[in-house]
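> This is the structure, below, for whatever I ask next.
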Amino acid sequence: GTGPNWAPVPAMPPSSRGGPGLGLLAVVALIVALVAGALGAGIGVIATNNDDNGGSVSLGGSNSSDGKVQSRPPDSVAGVAQRVLPSVVMIRVQSAQGEVGGTGFIVNGGYVITNNHVVAGAGGGQIQIVFNDKKTLPATVKGADSGSDVAVLKPSGQHSLPPLPIGDSSKIAVGDPVIAIGSPLGLQGSVTTGIVSSLNRAVPTRGEGGGDASYLNAIQTDAAINPGNSGGPLVDAKGRVIGINTAIATLGGQSLGGEQQSGSIGLGFAIPINQGKRVAEEIIRTGSVRQAKLGVFPDPRYQDGGAKIMTEQVNGQDPVIKGGPADKAGLKPGDVITKIDDKPIEDATDLIAQIRSRAPGDRIAVTYERDGRESTVQLTLGAD
């Protein structure tokens, strides 16, 4: 088929500590050479046209030589970038496979939020945080959750950089402008722009140790996201974090977490910050995370709209777990869940993503069909 495959934005091996690798430099050199050639031709025309003047040629422009970049309007992309960049960091992880890299951002308490898949391979290896001014500090993992792909790091040392303001991902809309900031291919401080392309995308995230995937209820964006962007902030036009960049869609043969990776094709995905914030706060408070539980096993084979509860046992467990939230609300095997609150459910993965985006104890409305009749029940989500 030609449909997309989902992959976490891979932690990227930095080409070198000093800058981009030779391959990238060769490409840059080629581009610079072409641009220089075009510019030379243009200057030649100007000089030829002014031969009669017998004097030097001036191309005009500013005489300023102070080298300072003027501040930009605060709501412009450049203005937002100037405010946000100091609080975005590059993360270097020494893993069994060598050094890999990702991105993170500073929050209250001096902690750094990133993706679990950036630091999952660290084991006992060293983690370093590289600030925008190139200052480097070692860091430890305060805690991480593979199901939501969120990790919290604690720098070992002092820094005075401000935390990024946290937005409200429940208030964003398709078409809103967004900015992604990170270290794609090890190029720290890269800024890309786009819009919110869609909301509530069910995107898989690899389980611990490459196990079964969970699902994120993700923000889709066309802002370019590439290897090394993992864990970086997706911010709105005011510079408020509305998402954590985590995954890209690829075409052709790419399996989740596979070795071969492609770059951006305009399909990037971010964890909504409301979910990421809840997980990070729980990690900081307790060191671990509890995930919301509905207490059903949806049938991944069912493709007729909605999420159908299995009719047979799964690994020795009933499809509606006895005493769980769904059981207490009266849901039965074979029921087809069509909505959670006001959000339509397309399939089993969509249901998992919707439940994952909520917290234990949340009260939700579940709409389902049974024998051709639609019903809605209220229930309180449990915890893993």
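Each chain in the structure tokens gets a letter, A, B and so on, in the order shown; residues start at 1 in every chain, and ligands are counted from 1 in the order they appear.
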So that I can check the secondary structure, give me every residue of segment 115-281 of chain A assigned strand (DSSP E) by backbone DSSP, as a tab-separated table (two decimals) with C-alpha atoms, in the first residue's frame.

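Printed below is states-v5.tsv as written:
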chain	number	residue	atom	x	y	z
A	127	ILE	CA	23.15	12.14	29.55
A	128	GLN	CA	24.24	15.68	28.72
A	129	ILE	CA	22.13	18.77	28.19
A	130	VAL	CA	23.53	21.39	25.82
A	136	THR	CA	26.73	21.77	28.96
A	137	LEU	CA	25.48	20.06	32.11
A	138	PRO	CA	25.10	16.37	32.97
A	139	ALA	CA	21.56	15.22	33.72
A	140	THR	CA	19.72	12.29	35.26
A	141	VAL	CA	16.34	10.82	34.39
A	142	LYS	CA	13.84	11.87	37.04
A	143	GLY	CA	11.31	9.48	35.52
A	144	ALA	CA	9.82	8.37	32.22
A	145	ASP	CA	6.71	6.74	30.79
A	150	VAL	CA	7.33	11.48	28.05
A	151	ALA	CA	10.49	11.74	30.16
A	152	VAL	CA	11.66	14.30	32.70
A	153	LEU	CA	15.36	15.10	33.17
A	154	LYS	CA	17.02	16.88	36.08
A	155	PRO	CA	20.19	18.83	35.21
A	177	PRO	CA	0.03	28.67	13.17
A	178	VAL	CA	2.70	26.72	15.06
A	179	ILE	CA	6.49	26.74	15.42
A	180	ALA	CA	8.69	23.68	16.01
A	181	ILE	CA	12.09	24.17	17.63
A	182	GLY	CA	14.75	21.51	18.05
A	190	SER	CA	16.58	25.02	14.26
A	191	VAL	CA	13.18	26.70	13.82
A	192	THR	CA	10.44	25.56	11.43
A	193	THR	CA	6.91	26.81	10.97
A	194	GLY	CA	3.58	25.43	9.87
A	195	ILE	CA	0.01	25.01	11.01
A	196	VAL	CA	-2.05	22.58	13.03
A	197	SER	CA	-3.06	20.20	10.24
A	198	SER	CA	-5.39	18.00	12.28
A	199	LEU	CA	-6.25	16.99	15.84
A	200	ASN	CA	-6.89	13.74	17.69
A	201	ARG	CA	-4.71	11.57	15.43
A	202	ALA	CA	-4.18	8.08	16.87
A	203	VAL	CA	-0.43	7.60	16.50
A	204	PRO	CA	1.44	4.58	17.93
A	205	THR	CA	4.35	4.94	20.28
A	214	SER	CA	0.48	2.28	22.87
A	215	TYR	CA	-1.26	5.17	21.13
A	216	LEU	CA	-1.08	8.94	21.39
A	217	ASN	CA	-4.00	11.26	20.76
A	218	ALA	CA	-1.69	13.50	18.74
A	219	ILE	CA	-1.60	16.94	17.15
A	220	GLN	CA	-0.72	16.74	13.44
A	221	THR	CA	1.40	19.52	11.92
A	233	PRO	CA	8.46	22.06	21.87
A	234	LEU	CA	5.69	22.83	19.41
A	235	VAL	CA	4.64	26.37	20.31
A	241	VAL	CA	4.09	25.20	24.40
A	242	ILE	CA	1.10	23.34	22.99
A	243	GLY	CA	2.81	20.05	22.12
A	244	ILE	CA	5.90	17.84	22.42
A	245	ASN	CA	7.23	16.79	19.01
A	246	THR	CA	7.46	13.02	18.93
A	247	ALA	CA	6.67	11.22	15.64
A	248	ILE	CA	6.63	11.47	11.86
A	249	ALA	CA	4.84	9.56	9.13
A	250	THR	CA	7.03	7.88	6.52
A	251	LEU	CA	6.25	6.24	3.20
A	268	GLY	CA	4.63	15.43	11.99
A	269	PHE	CA	2.94	14.61	15.28
A	270	ALA	CA	3.14	16.06	18.77
A	271	ILE	CA	1.87	14.98	22.18
A	272	PRO	CA	-0.75	17.54	23.30
> Using only C-alpha atoms for the distances, tell me which of A:Ser71, A:Val107, A:Ile225, A:Lys322 is nearest to Glu281 of chain A.
A:Val107
> In Å, rounded to a single decimal, give me how far atom CA of Val89 of chain A is from atom CA of Ile113 of chain A.
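So the two atoms, atom CA of Ile113 of chain A and atom CA of Val89 of chain A, lie 9.8 Å apart.
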> Would you pick out the contacts of segment 366-373 of chain A at 12 Å or less, using only C-alpha atoms, so that residues sharing its chain but fewer than 4 positions from it are not included, and give the list as a ChimeraX atom specification?
/A:294,305-309,325-326,329-345,351,354-355,377-381
> So, counting only C-alpha atoms, which residue among A:Ser375, A:Gln94, A:Ser156, A:Ser87 is closest to Asp133 of chain A?
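Using only C-alpha atoms, the shortest distance to Asp133 of chain A belongs to A:Ser87.
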> Atom CA of Asp347 of chain A to atom CA of Met310 of chain A: how many Å, to one decimal?
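Separation of atom CA of Asp347 of chain A and atom CA of Met310 of chain A: 12.5 Å.
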> Using only C-alpha atoms, which protein or nucleic acid residues come within 9 Å of Lys238 of chain A? Drop anything in the same chain fewer than 4 positions from it, and give the result as a list of chain:residue names.
A:Pro74, A:Asp75, A:Ser76, A:Val80
> I need the chosen residues saved as a short mmCIF file (atom, residue, chain, number, x, y, z; two decimals), in the first residue's frame, with C-alpha atoms.

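Saved the output as result_25.cif:
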data_model
loop_
_atom_site.label_atom_id
_atom_site.label_comp_id
_atom_site.auth_asym_id
_atom_site.auth_seq_id
_atom_site.Cartn_x
_atom_site.Cartn_y
_atom_site.Cartn_z
CA PRO A 74 7.01 39.92 19.61
CA ASP A 75 4.27 38.08 17.70
CA SER A 76 6.39 37.45 14.60
CA VAL A 80 8.76 34.13 19.22
#
> Just the helix (DSSP H, G or I) stuff from segment 135-369 of chain A, please, per backbone DSSP, written as JSON, numbers by chain.
{"A": [169, 170, 171, 184, 185, 186, 208, 209, 210, 273, 274, 275, 276, 277, 278, 279, 280, 281, 282, 283, 284, 285, 286, 325, 326, 327, 328, 329, 348, 349, 350, 351, 352, 353, 354, 355, 356]}
> Okay, now the selection with N, CA and C atoms, as an mmCIF file, in the first residue's frame?

data_model
loop_
_atom_site.group_PDB
_atom_site.id
_atom_site.type_symbol
_atom_site.label_atom_id
_atom_site.label_comp_id
_atom_site.auth_asym_id
_atom_site.auth_seq_id
_atom_site.Cartn_x
_atom_site.Cartn_y
_atom_site.Cartn_z
ATOM 1 N N SER A 169 -3.594 22.921 25.152
ATOM 2 C CA SER A 169 -3.798 22.237 23.871
ATOM 3 C C SER A 169 -5.266 21.955 23.581
ATOM 4 N N SER A 170 -6.137 22.101 24.571
ATOM 5 C CA SER A 170 -7.568 21.898 24.304
ATOM 6 C C SER A 170 -8.183 23.078 23.566
ATOM 7 N N LYS A 171 -7.452 24.184 23.491
ATOM 8 C CA LYS A 171 -7.990 25.392 22.855
ATOM 9 C C LYS A 171 -7.448 25.627 21.447
ATOM 10 N N PRO A 184 17.291 19.062 14.739
ATOM 11 C CA PRO A 184 17.240 18.032 13.698
ATOM 12 C C PRO A 184 18.633 17.763 13.132
ATOM 13 N N LEU A 185 18.974 16.479 13.018
ATOM 14 C CA LEU A 185 20.290 16.070 12.508
ATOM 15 C C LEU A 185 21.428 16.693 13.306
ATOM 16 N N GLY A 186 21.169 16.988 14.590
ATOM 17 C CA GLY A 186 22.183 17.581 15.439
ATOM 18 C C GLY A 186 22.381 19.065 15.242
ATOM 19 N N GLU A 208 7.906 -0.070 26.120
ATOM 20 C CA GLU A 208 9.229 -0.247 26.716
ATOM 21 C C GLU A 208 9.908 -1.477 26.135
ATOM 22 N N GLY A 209 11.177 -1.327 25.741
ATOM 23 C CA GLY A 209 11.939 -2.448 25.216
ATOM 24 C C GLY A 209 11.475 -2.901 23.853
ATOM 25 N N GLY A 210 10.787 -1.992 23.104
ATOM 26 C CA GLY A 210 10.327 -2.353 21.775
ATOM 27 C C GLY A 210 9.100 -3.235 21.797
ATOM 28 N N ILE A 273 0.117 19.144 24.913
ATOM 29 C CA ILE A 273 0.811 19.512 26.144
ATOM 30 C C ILE A 273 -0.043 19.257 27.377
ATOM 31 N N ASN A 274 -1.367 19.293 27.260
ATOM 32 C CA ASN A 274 -2.183 18.994 28.439
ATOM 33 C C ASN A 274 -1.907 17.582 28.944
ATOM 34 N N GLN A 275 -1.732 16.637 28.015
ATOM 35 C CA GLN A 275 -1.386 15.273 28.407
ATOM 36 C C GLN A 275 0.063 15.210 28.881
ATOM 37 N N GLY A 276 0.971 15.836 28.126
ATOM 38 C CA GLY A 276 2.379 15.817 28.503
ATOM 39 C C GLY A 276 2.633 16.464 29.849
ATOM 40 N N LYS A 277 1.931 17.566 30.123
ATOM 41 C CA LYS A 277 2.090 18.260 31.406
ATOM 42 C C LYS A 277 1.620 17.379 32.558
ATOM 43 N N ARG A 278 0.465 16.731 32.381
ATOM 44 C CA ARG A 278 -0.053 15.859 33.448
ATOM 45 C C ARG A 278 0.939 14.744 33.762
ATOM 46 N N VAL A 279 1.468 14.113 32.716
ATOM 47 C CA VAL A 279 2.422 13.019 32.909
ATOM 48 C C VAL A 279 3.696 13.529 33.576
ATOM 49 N N ALA A 280 4.219 14.663 33.096
ATOM 50 C CA ALA A 280 5.461 15.211 33.651
ATOM 51 C C ALA A 280 5.286 15.601 35.113
ATOM 52 N N GLU A 281 4.161 16.214 35.442
ATOM 53 C CA GLU A 281 3.924 16.611 36.836
ATOM 54 C C GLU A 281 3.834 15.393 37.750
ATOM 55 N N GLU A 282 3.224 14.315 37.258
ATOM 56 C CA GLU A 282 3.131 13.098 38.067
ATOM 57 C C GLU A 282 4.502 12.457 38.241
ATOM 58 N N ILE A 283 5.319 12.496 37.177
ATOM 59 C CA ILE A 283 6.688 11.978 37.286
ATOM 60 C C ILE A 283 7.470 12.761 38.332
ATOM 61 N N ILE A 284 7.378 14.093 38.280
ATOM 62 C CA ILE A 284 8.119 14.937 39.227
ATOM 63 C C ILE A 284 7.633 14.699 40.652
ATOM 64 N N ARG A 285 6.334 14.504 40.803
ATOM 65 C CA ARG A 285 5.741 14.346 42.135
ATOM 66 C C ARG A 285 5.988 12.960 42.726
ATOM 67 N N THR A 286 5.863 11.913 41.903
ATOM 68 C CA THR A 286 5.899 10.547 42.435
ATOM 69 C C THR A 286 6.980 9.660 41.820
ATOM 70 N N PRO A 325 -14.295 -0.017 35.171
ATOM 71 C CA PRO A 325 -15.221 1.081 34.882
ATOM 72 C C PRO A 325 -16.294 0.723 33.857
ATOM 73 N N ALA A 326 -15.911 0.048 32.759
ATOM 74 C CA ALA A 326 -16.889 -0.302 31.726
ATOM 75 C C ALA A 326 -17.899 -1.315 32.249
ATOM 76 N N ASP A 327 -17.420 -2.287 33.003
ATOM 77 C CA ASP A 327 -18.308 -3.306 33.574
ATOM 78 C C ASP A 327 -19.322 -2.663 34.515
ATOM 79 N N LYS A 328 -18.866 -1.770 35.374
ATOM 80 C CA LYS A 328 -19.765 -1.103 36.314
ATOM 81 C C LYS A 328 -20.806 -0.251 35.593
ATOM 82 N N ALA A 329 -20.442 0.264 34.394
ATOM 83 C CA ALA A 329 -21.368 1.107 33.627
ATOM 84 C C ALA A 329 -22.315 0.289 32.760
ATOM 85 N N ALA A 348 -10.344 0.734 17.032
ATOM 86 C CA ALA A 348 -9.774 0.352 18.325
ATOM 87 C C ALA A 348 -8.622 1.261 18.737
ATOM 88 N N THR A 349 -7.746 1.603 17.790
ATOM 89 C CA THR A 349 -6.608 2.448 18.137
ATOM 90 C C THR A 349 -7.066 3.837 18.554
ATOM 91 N N ASP A 350 -8.105 4.336 17.925
ATOM 92 C CA ASP A 350 -8.653 5.641 18.279
ATOM 93 C C ASP A 350 -9.180 5.630 19.711
ATOM 94 N N LEU A 351 -9.850 4.543 20.089
ATOM 95 C CA LEU A 351 -10.355 4.423 21.460
ATOM 96 C C LEU A 351 -9.203 4.419 22.462
ATOM 97 N N ILE A 352 -8.161 3.640 22.167
ATOM 98 C CA ILE A 352 -7.011 3.586 23.072
ATOM 99 C C ILE A 352 -6.388 4.968 23.230
ATOM 100 N N ALA A 353 -6.226 5.694 22.114
ATOM 101 C CA ALA A 353 -5.628 7.028 22.160
ATOM 102 C C ALA A 353 -6.476 7.988 22.978
ATOM 103 N N GLN A 354 -7.798 7.915 22.815
ATOM 104 C CA GLN A 354 -8.681 8.799 23.569
ATOM 105 C C GLN A 354 -8.588 8.535 25.071
ATOM 106 N N ILE A 355 -8.555 7.280 25.455
ATOM 107 C CA ILE A 355 -8.456 6.963 26.882
ATOM 108 C C ILE A 355 -7.085 7.354 27.419
ATOM 109 N N ARG A 356 -6.028 7.126 26.630
ATOM 110 C CA ARG A 356 -4.674 7.482 27.052
ATOM 111 C C ARG A 356 -4.518 8.985 27.282
#
> Which of these residues is nearest to Val296 of chain A, using only C-alpha atoms: A:Asp149, A:Asp318, A:Asp236, A:Asp168?
A:Asp318
